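Below is run24.txt, holding compact mmCIF, C-alpha atoms.
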```txt
# COMPACT_ATOMS: atom_id res chain seq x y z
CA MET A 21 4.94 8.36 13.14
CA SER A 22 5.36 4.71 14.11
CA SER A 23 8.38 3.57 16.15
CA ASP A 24 8.63 0.44 13.96
CA PRO A 25 12.10 0.68 12.34
CA THR A 26 10.83 -1.08 9.20
CA ILE A 27 8.47 1.80 8.42
CA GLN A 28 9.86 4.67 6.37
CA PRO A 29 8.98 8.21 7.49
CA ALA A 30 5.63 9.49 6.25
CA ARG A 31 5.88 11.92 3.35
CA PRO A 32 3.54 14.30 1.52
CA PHE A 33 2.64 14.23 -2.14
CA THR A 34 0.86 17.22 -3.66
CA HIS A 35 -0.99 17.27 -6.96
CA GLU A 36 -2.90 20.28 -8.24
CA GLY A 37 -3.34 21.80 -4.79
CA ALA A 38 -4.33 18.65 -2.83
CA THR A 39 -1.93 16.75 -0.60
CA LEU A 40 -1.94 13.13 0.50
CA ILE A 41 0.38 11.56 3.06
CA TRP A 42 2.01 8.21 2.37
CA GLU A 43 3.99 5.79 4.47
CA ALA A 44 5.90 2.75 3.20
CA ARG A 45 7.22 -0.44 4.69
CA GLY A 46 8.70 -3.62 3.29
CA SER A 47 10.39 -4.07 -0.07
CA GLY A 48 10.21 -5.97 -3.32
CA GLU A 49 7.26 -6.86 -5.52
CA PRO A 50 4.38 -6.51 -5.63
CA THR A 51 3.67 -3.04 -4.30
CA PHE A 52 0.48 -2.95 -2.26
CA VAL A 53 -1.21 0.46 -2.04
CA LEU A 54 -3.81 0.77 0.72
CA VAL A 55 -6.65 3.31 0.51
CA HIS A 56 -8.94 3.87 3.50
CA GLY A 57 -12.66 4.57 3.72
CA ILE A 58 -14.78 7.56 4.75
CA GLY A 59 -13.66 9.19 7.98
CA MET A 60 -10.64 6.91 8.30
CA GLY A 61 -6.89 7.15 7.68
CA ARG A 62 -3.89 4.96 7.00
CA THR A 63 -3.60 3.80 10.62
CA VAL A 64 -6.60 1.48 10.17
CA PHE A 65 -4.35 -0.61 7.93
CA ASN A 66 -1.50 -1.08 10.43
CA GLY A 67 -2.14 -4.77 11.03
CA LEU A 68 -2.81 -5.57 7.38
CA SER A 69 0.25 -3.58 6.31
CA GLU A 70 2.44 -5.58 8.67
CA ARG A 71 1.24 -8.87 7.22
CA LEU A 72 1.51 -7.82 3.59
CA ALA A 73 4.98 -6.32 4.12
CA GLU A 74 6.27 -9.85 4.55
CA HIS A 75 5.56 -10.38 0.85
CA GLY A 76 6.30 -7.04 -0.84
CA ARG A 77 6.32 -3.29 -0.44
CA VAL A 78 3.31 -1.72 1.29
CA ILE A 79 2.23 1.92 0.93
CA ALA A 80 -0.59 3.20 3.14
CA ILE A 81 -2.17 6.52 2.26
CA ASP A 82 -3.99 9.32 4.07
CA LEU A 83 -6.26 10.83 1.43
CA PRO A 84 -6.45 14.65 1.31
CA GLY A 85 -8.33 15.88 4.38
CA TYR A 86 -7.99 12.60 6.30
CA GLY A 87 -5.52 11.39 8.91
CA GLU A 88 -2.44 13.61 8.82
CA ALA A 89 -3.16 14.99 5.34
CA PRO A 90 -4.17 18.67 5.24
CA GLU A 91 -7.65 19.71 4.26
CA PRO A 92 -7.75 20.67 0.56
CA PRO A 93 -9.31 23.98 -0.55
CA ARG A 94 -12.30 22.07 -1.91
CA THR A 95 -13.66 18.64 -1.02
CA PRO A 96 -12.48 16.33 -3.83
CA THR A 97 -14.80 14.07 -5.76
CA VAL A 98 -14.05 10.35 -5.83
CA GLU A 99 -12.77 10.79 -9.38
CA ARG A 100 -10.44 13.57 -8.27
CA LEU A 101 -9.06 11.41 -5.45
CA ALA A 102 -8.40 8.69 -8.00
CA ASP A 103 -6.49 11.11 -10.24
CA ILE A 104 -4.35 12.22 -7.28
CA ILE A 105 -3.44 8.62 -6.48
CA ALA A 106 -2.68 7.92 -10.13
CA ALA A 107 -0.39 10.95 -10.24
CA PHE A 108 1.35 9.72 -7.08
CA LEU A 109 1.88 6.23 -8.56
CA ARG A 110 3.40 7.70 -11.70
CA ALA A 111 5.61 10.10 -9.74
CA GLU A 112 6.97 7.22 -7.66
CA GLY A 113 7.41 4.95 -10.68
CA ILE A 114 5.10 2.29 -9.23
CA ALA A 115 4.12 -0.20 -11.92
CA ALA A 116 1.41 -2.88 -11.71
CA PRO A 117 0.35 -2.09 -8.12
CA VAL A 118 -2.09 -4.10 -6.06
CA LEU A 119 -4.57 -1.44 -4.98
CA ILE A 120 -6.45 -2.35 -1.81
CA GLY A 121 -9.41 -0.20 -0.84
CA HIS A 122 -11.75 -0.44 2.10
CA SER A 123 -15.33 0.89 1.97
CA MET A 124 -15.16 4.30 0.21
CA GLY A 125 -11.58 3.41 -0.71
CA THR A 126 -12.98 0.75 -3.05
CA GLN A 127 -14.71 3.49 -5.02
CA VAL A 128 -11.46 5.44 -5.27
CA ILE A 129 -9.31 2.54 -6.46
CA THR A 130 -11.98 1.44 -8.93
CA GLU A 131 -11.78 4.88 -10.53
CA VAL A 132 -7.96 4.67 -10.55
CA ALA A 133 -8.14 1.46 -12.58
CA ALA A 134 -10.96 2.67 -14.84
CA ARG A 135 -9.53 6.13 -15.55
CA HIS A 136 -5.86 5.11 -15.72
CA PRO A 137 -5.64 1.64 -17.31
CA ASP A 138 -1.98 2.17 -18.20
CA LEU A 139 -1.12 1.65 -14.52
CA ASP A 140 -2.00 -2.06 -14.93
CA ALA A 141 -3.45 -2.30 -11.43
CA ARG A 142 -5.02 -5.28 -9.72
CA LEU A 143 -7.77 -4.42 -7.25
CA VAL A 144 -8.88 -5.69 -3.86
CA LEU A 145 -12.24 -4.22 -2.86
CA ILE A 146 -12.92 -4.80 0.87
CA GLY A 147 -16.55 -4.07 1.79
CA PRO A 148 -17.36 -2.07 -1.37
CA THR A 149 -19.72 0.91 -1.14
CA VAL A 150 -22.28 2.24 -1.91
CA GLU A 151 -25.19 -0.06 -2.84
CA ILE A 152 -27.55 1.20 -5.56
CA GLY A 153 -30.79 2.50 -4.06
CA GLN A 154 -29.22 3.04 -0.61
CA ARG A 155 -27.17 6.16 -1.25
CA ASN A 156 -28.20 8.40 1.57
CA ALA A 157 -26.32 9.28 4.73
CA TRP A 158 -28.91 8.06 7.23
CA THR A 159 -29.12 4.60 5.66
CA GLN A 160 -25.36 4.24 5.61
CA LEU A 161 -24.91 5.48 9.19
CA ALA A 162 -27.63 3.11 10.41
CA ARG A 163 -25.99 0.18 8.67
CA LEU A 164 -22.60 1.10 10.08
CA GLY A 165 -24.12 1.34 13.56
CA ARG A 166 -25.60 -2.15 13.29
CA ASP A 167 -22.32 -3.50 11.98
CA LEU A 168 -20.40 -2.01 14.91
CA LEU A 169 -22.64 -3.54 17.58
CA ASP A 170 -20.50 -6.66 17.80
CA GLU A 171 -17.14 -5.06 17.17
CA SER A 172 -14.24 -4.91 19.63
CA PRO A 173 -13.15 -1.82 21.62
CA LYS A 174 -10.12 -1.60 19.32
CA VAL A 175 -12.38 -0.90 16.35
CA PHE A 176 -14.24 1.85 18.24
CA VAL A 177 -11.03 3.52 19.45
CA VAL A 178 -9.32 3.52 16.05
CA GLY A 179 -12.49 4.56 14.22
CA ALA A 180 -13.41 7.36 16.63
CA ARG A 181 -9.91 8.84 16.49
CA GLU A 182 -9.86 8.89 12.69
CA TYR A 183 -13.37 10.33 12.38
CA LEU A 184 -12.34 13.20 14.65
CA ARG A 185 -9.27 13.81 12.49
CA ALA A 186 -11.40 13.89 9.34
CA GLY A 187 -12.40 17.41 10.32
CA PRO A 188 -15.45 19.63 9.95
CA ASN A 189 -15.97 18.82 6.26
CA LEU A 190 -16.94 15.20 6.88
CA ARG A 191 -20.50 15.91 5.69
CA LEU A 192 -19.19 17.15 2.33
CA LYS A 193 -16.90 14.13 2.07
CA MET A 194 -19.85 11.84 2.75
CA ARG A 195 -21.81 13.58 0.01
CA ALA A 196 -18.93 13.08 -2.45
CA MET A 197 -18.98 9.37 -1.65
CA LEU A 198 -22.76 9.05 -1.99
CA VAL A 199 -23.10 10.83 -5.33
CA HIS A 200 -20.43 8.67 -6.93
CA LYS A 201 -21.73 5.77 -9.07
CA PRO A 202 -19.12 3.00 -9.00
CA GLU A 203 -21.26 0.72 -11.16
CA LEU A 204 -20.38 2.97 -14.12
CA ALA A 205 -16.67 2.32 -13.54
CA TYR A 206 -16.71 -1.42 -12.76
CA PRO A 207 -17.08 -2.57 -16.39
CA ARG A 208 -14.08 -0.42 -17.37
CA VAL A 209 -11.68 -2.18 -14.97
CA ALA A 210 -9.43 -4.34 -17.14
CA GLY A 211 -7.37 -6.09 -14.48
CA ASP A 212 -8.09 -8.83 -11.97
CA ALA A 213 -10.27 -7.75 -9.05
CA LEU A 214 -11.06 -9.43 -5.73
CA VAL A 215 -14.22 -8.40 -3.89
CA LEU A 216 -13.64 -9.28 -0.24
CA ARG A 217 -16.65 -9.19 2.08
CA GLY A 218 -17.07 -10.00 5.77
CA GLU A 219 -19.90 -12.50 6.14
CA ASP A 220 -21.66 -10.24 8.67
CA ASP A 221 -21.03 -6.94 6.85
CA GLU A 222 -24.14 -4.74 7.17
CA VAL A 223 -22.67 -1.95 5.05
CA ALA A 224 -21.83 -4.07 2.00
CA PRO A 225 -24.61 -6.68 1.68
CA HIS A 226 -23.99 -10.02 -0.03
CA ALA A 227 -26.31 -9.29 -2.99
CA TRP A 228 -24.56 -5.98 -3.68
CA CYS A 229 -21.11 -7.58 -3.51
CA GLU A 230 -22.26 -10.27 -5.92
CA GLN A 231 -23.40 -7.50 -8.26
CA VAL A 232 -20.03 -5.72 -7.93
CA ALA A 233 -18.06 -8.89 -8.66
CA GLY A 234 -20.30 -9.64 -11.63
CA ALA A 235 -19.89 -6.15 -13.08
CA LEU A 236 -16.09 -6.38 -12.93
CA PRO A 237 -14.88 -8.15 -16.09
CA ARG A 238 -12.40 -10.23 -14.06
CA GLY A 239 -14.03 -10.06 -10.65
CA THR A 240 -14.03 -12.71 -7.91
CA LEU A 241 -16.10 -12.62 -4.71
CA VAL A 242 -14.72 -14.10 -1.49
CA GLU A 243 -16.39 -13.93 1.92
CA VAL A 244 -14.67 -14.13 5.30
CA PRO A 245 -16.82 -15.98 7.87
CA GLY A 246 -17.87 -14.37 11.12
CA VAL A 247 -16.64 -10.81 10.53
CA GLY A 248 -18.21 -7.48 9.58
CA HIS A 249 -17.31 -4.28 7.75
CA GLU A 250 -14.33 -3.34 9.92
CA ALA A 251 -12.86 -6.85 10.09
CA MET A 252 -9.38 -5.84 8.97
CA ILE A 253 -8.98 -3.54 12.00
CA LYS A 254 -9.84 -6.11 14.64
CA ASN A 255 -8.02 -9.03 13.06
CA PRO A 256 -6.31 -8.50 9.69
CA ASP A 257 -5.11 -12.09 9.28
CA PRO A 258 -8.16 -13.58 7.50
CA ALA A 259 -8.22 -10.73 4.99
CA ALA A 260 -4.45 -10.89 4.47
CA ASP A 261 -4.54 -14.66 3.96
CA ARG A 262 -7.22 -14.41 1.29
CA ILE A 263 -5.56 -11.52 -0.51
CA LEU A 264 -2.24 -13.35 -0.66
CA ALA A 265 -3.87 -16.61 -1.74
CA TRP A 266 -5.78 -14.82 -4.50
CA LEU A 267 -2.49 -13.34 -5.71
CA GLY A 268 -0.88 -16.78 -5.61
CA ILE A 269 1.75 -15.57 -3.15
CA THR A 270 0.97 -18.01 -0.36
CA ALA A 271 -1.28 -20.95 0.29
CA THR A 272 -2.24 -20.04 3.87
CA ALA A 273 -5.88 -19.78 2.82
CA ASP A 274 -7.98 -21.04 -0.08
CA ALA A 275 -9.20 -17.92 -1.83
CA THR A 276 -12.03 -19.75 -3.55
CA ASN A 277 -13.30 -21.57 -0.46
CA PRO A 278 -12.97 -19.25 2.57
```
Would you encode the structure as structure tokens?
Amino acid sequence: MSSDPTIQPARPFTHEGATLIWEARGSGEPTFVLVHGIGMGRTVFNGLSERLAEHGRVIAIDLPGYGEAPEPPRTPTVERLADIIAAFLRAEGIAAPVLIGHSMGTQVITEVAARHPDLDARLVLIGPTVEIGQRNAWTQLARLGRDLLDESPKVFVVGAREYLRAGPNLRLKMRAMLVHKPELAYPRVAGDALVLRGEDDEVAPHAWCEQVAGALPRGTLVEVPGVGHEAMIKNPDPAADRILAWLGITATADATNP
């Protein structure tokens, strides 16, 4: 648990046998809900959470079997993870959230919006996965390796720690990510959606992100210059600025001309 006095103690939420862990900071509206990618956990969002908490309430989640959340009896599908998050949002009375997903987390929040339109969610998809025609583990690992070549030691330390915590079922979790077809869910997302891509992202290529934004009925693509797939870990400020500008909360960055 963080020593930051503004962070509320982490708590579990269990739905149909699977448990996530959630941690909140800040107050007011909107409520930002942060969902991590494969092998990660809520700690990758610490910097982004701190920035966003200046403008609303921020909830960061460990999905079942990641971070501090216990391993579920069976590895959940992406759709099942989405249903767990939707149940959590309803249980906490969270209306009109801003769901922010990174990498695999974009697949999860897309399914939340598509399967549960009554939640009236807006989406931020950071480095969306997985590109059509490239859905195999070796391709994705190779791309991630190339992307990490220029990253800082901070990214390696945080990433390595979270991958170790993801446990022995990481292969099954990867398979659940790769068999999911987000392009079937994109057209069913009714709310506004921001596709946020690092200019140097090897995992989420520009052409794929253009396709994602085009498939979303109210999608917008914004690129952050000079950063890759894990940009929000090393320096969350450019991502935070563009998210807030897109929401119309602050004018610290021009969301249409990054």
Exercise: Gln28 of chain A partners within 7 Å, all atoms listed in the file, chain neighbours under 2 positions left out, as a PDB file with C-alpha atoms, in the frame of the given file:
```pdb
ATOM      1  CA  THR A  26      10.830  -1.080   9.200  1.00  0.00           C
ATOM      2  CA  ALA A  30       5.630   9.490   6.250  1.00  0.00           C
ATOM      3  CA  GLU A  43       3.990   5.790   4.470  1.00  0.00           C
ATOM      4  CA  ALA A  44       5.900   2.750   3.200  1.00  0.00           C
ATOM      5  CA  ARG A  45       7.220  -0.440   4.690  1.00  0.00           C
TER       6      ARG A  45
END
```
What are the nearest atom pairs, with distances in Å to one decimal, for all residues of segment 80-121 of chain A that come at most 7 Å from segment 141-154 of chain A, using only C-alpha atoms, set out by chain and rising residue number as JSON lines?
```
{"residue": "A:Ala116", "atom": "CA", "partner": "A:Ala141", "partner_atom": "CA", "distance": 4.9}
{"residue": "A:Pro117", "atom": "CA", "partner": "A:Ala141", "partner_atom": "CA", "distance": 5.0}
{"residue": "A:Val118", "atom": "CA", "partner": "A:Arg142", "partner_atom": "CA", "distance": 4.8}
{"residue": "A:Leu119", "atom": "CA", "partner": "A:Leu143", "partner_atom": "CA", "distance": 4.9}
{"residue": "A:Ile120", "atom": "CA", "partner": "A:Val144", "partner_atom": "CA", "distance": 4.6}
{"residue": "A:Gly121", "atom": "CA", "partner": "A:Leu145", "partner_atom": "CA", "distance": 5.3}
```
* Would you kindly return, as a PyMOL selection string, each protein, DNA or RNA residue with an atom no farther than 10 Å from any atom of Ala133 of chain A, considering all atoms listed in the file and excluding same-chain residues fewer than 3 positions away? => chain A and resi 102+106+119+128-130+136-143+205-206+208-211
Take the residues that were just selected and, keeping C-alpha atoms, output them as an mmCIF file, in the frame of the given file.
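This is the output file selection-v6.cif:
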```
data_model
loop_
_atom_site.group_PDB
_atom_site.id
_atom_site.type_symbol
_atom_site.label_atom_id
_atom_site.label_comp_id
_atom_site.auth_asym_id
_atom_site.auth_seq_id
_atom_site.Cartn_x
_atom_site.Cartn_y
_atom_site.Cartn_z
ATOM 1 C CA ALA A 102 -8.400 8.690 -8.000
ATOM 2 C CA ALA A 106 -2.680 7.920 -10.130
ATOM 3 C CA LEU A 119 -4.570 -1.440 -4.980
ATOM 4 C CA VAL A 128 -11.460 5.440 -5.270
ATOM 5 C CA ILE A 129 -9.310 2.540 -6.460
ATOM 6 C CA THR A 130 -11.980 1.440 -8.930
ATOM 7 C CA HIS A 136 -5.860 5.110 -15.720
ATOM 8 C CA PRO A 137 -5.640 1.640 -17.310
ATOM 9 C CA ASP A 138 -1.980 2.170 -18.200
ATOM 10 C CA LEU A 139 -1.120 1.650 -14.520
ATOM 11 C CA ASP A 140 -2.000 -2.060 -14.930
ATOM 12 C CA ALA A 141 -3.450 -2.300 -11.430
ATOM 13 C CA ARG A 142 -5.020 -5.280 -9.720
ATOM 14 C CA LEU A 143 -7.770 -4.420 -7.250
ATOM 15 C CA ALA A 205 -16.670 2.320 -13.540
ATOM 16 C CA TYR A 206 -16.710 -1.420 -12.760
ATOM 17 C CA ARG A 208 -14.080 -0.420 -17.370
ATOM 18 C CA VAL A 209 -11.680 -2.180 -14.970
ATOM 19 C CA ALA A 210 -9.430 -4.340 -17.140
ATOM 20 C CA GLY A 211 -7.370 -6.090 -14.480
#
```
* Structure fact -> Expressed in Å, the length from atom CA of Leu54 of chain A to atom CA of Leu236 of chain A is 19.7 Å
* Asked: Mind pulling up the distance from atom CA of Gly248 of chain A to atom CA of Leu267 of chain A?
  ->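 For atom CA of Leu267 of chain A relative to atom CA of Gly248 of chain A, the distance reads 22.7 Å.
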Given 5 Å on each side, where is the centre and what are the edge lengths in Å to one decimal of the axis-aligned box enclosing the listed atoms of segment 106-111 of chain A, as JSON?
```
{"center_x": 1.5, "center_y": 8.6, "center_z": -9.4, "size_x": 18.3, "size_y": 14.7, "size_z": 14.6}
```
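The list of residues within 10 Å of (-7.9, 13.4, 3.1), counted using only C-alpha atoms, is Ala38, Thr39, Leu40, Ile41, His56, Ile58, Gly59, Met60, Gly61, Ile81, Asp82, Leu83, Pro84, Gly85, Tyr86, Gly87, Glu88, Ala89, Pro90, Glu91, Pro92, Thr95, Pro96, Leu101, Arg185, Ala186, Gly187, Leu190 and Lys193 of chain A.
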* To do: Figure out the distance between atom CA of Gly67 of chain A and atom CA of Glu243 of chain A, please, to one decimal in Å.
  => 19.2 Å
* Pick from A:Ala259, A:Ile79, A:Leu192, A:Leu264: nearest to Ile114 of chain A, with all atoms listed in the file counted? -> A:Ile79
* Mind checking which residues fall within 12 Å of His226 of chain A, counting only C-alpha atoms, ignoring those fewer than 2 positions away in the same chain, and posting them as a VMD selection string? => chain A and resid 147 to 149 151 215 to 224 228 to 233 241 to 244 248 to 249
* Which is closer to Gly125 of chain A than all the others in A:Gly57, A:Pro245, A:Gly113, A:Pro93, using all atoms listed in the file? ->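 Of A:Gly57, A:Pro245, A:Gly113, A:Pro93, the one nearest Gly125 of chain A is A:Gly57, counting all atoms listed in the file.
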* Give the answer as one residue: which of A:Ile263, A:Pro237, A:Ala134, A:Pro256 has the shortest atom-to-atom distance to Glu70 of chain A, using all atoms listed in the file? => A:Pro256
* A:Val247, A:Met124, A:Ala73, A:Val55: which is nearest Val199 of chain A, counting only C-alpha atoms? ->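 Going through A:Val247, A:Met124, A:Ala73, A:Val55 one by one, the smallest distance to Val199 of chain A is for A:Met124.
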* To do: Would you please work out which residue, of A:Ala260, A:Arg110, A:Thr97, A:Thr126, is nearest to Met194 of chain A when using all atoms listed in the file?
  =>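 Once distances to Met194 of chain A are computed over all atoms listed in the file, the minimum belongs to A:Thr97.
Proximity to Arg195 of chain A was assessed for A:Glu250, A:Val98, A:Thr34, A:Glu49 counting only C-alpha atoms; the smallest distance is recorded for A:Val98.
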* To do: Take the point (8.2, -6.0, 2.8) as written in the file and pick out every residue within 10 Å of it, counting all atoms listed in the file; give the list as a PyMOL selection string.
  => chain A and resi 26-27+44-52+69-78
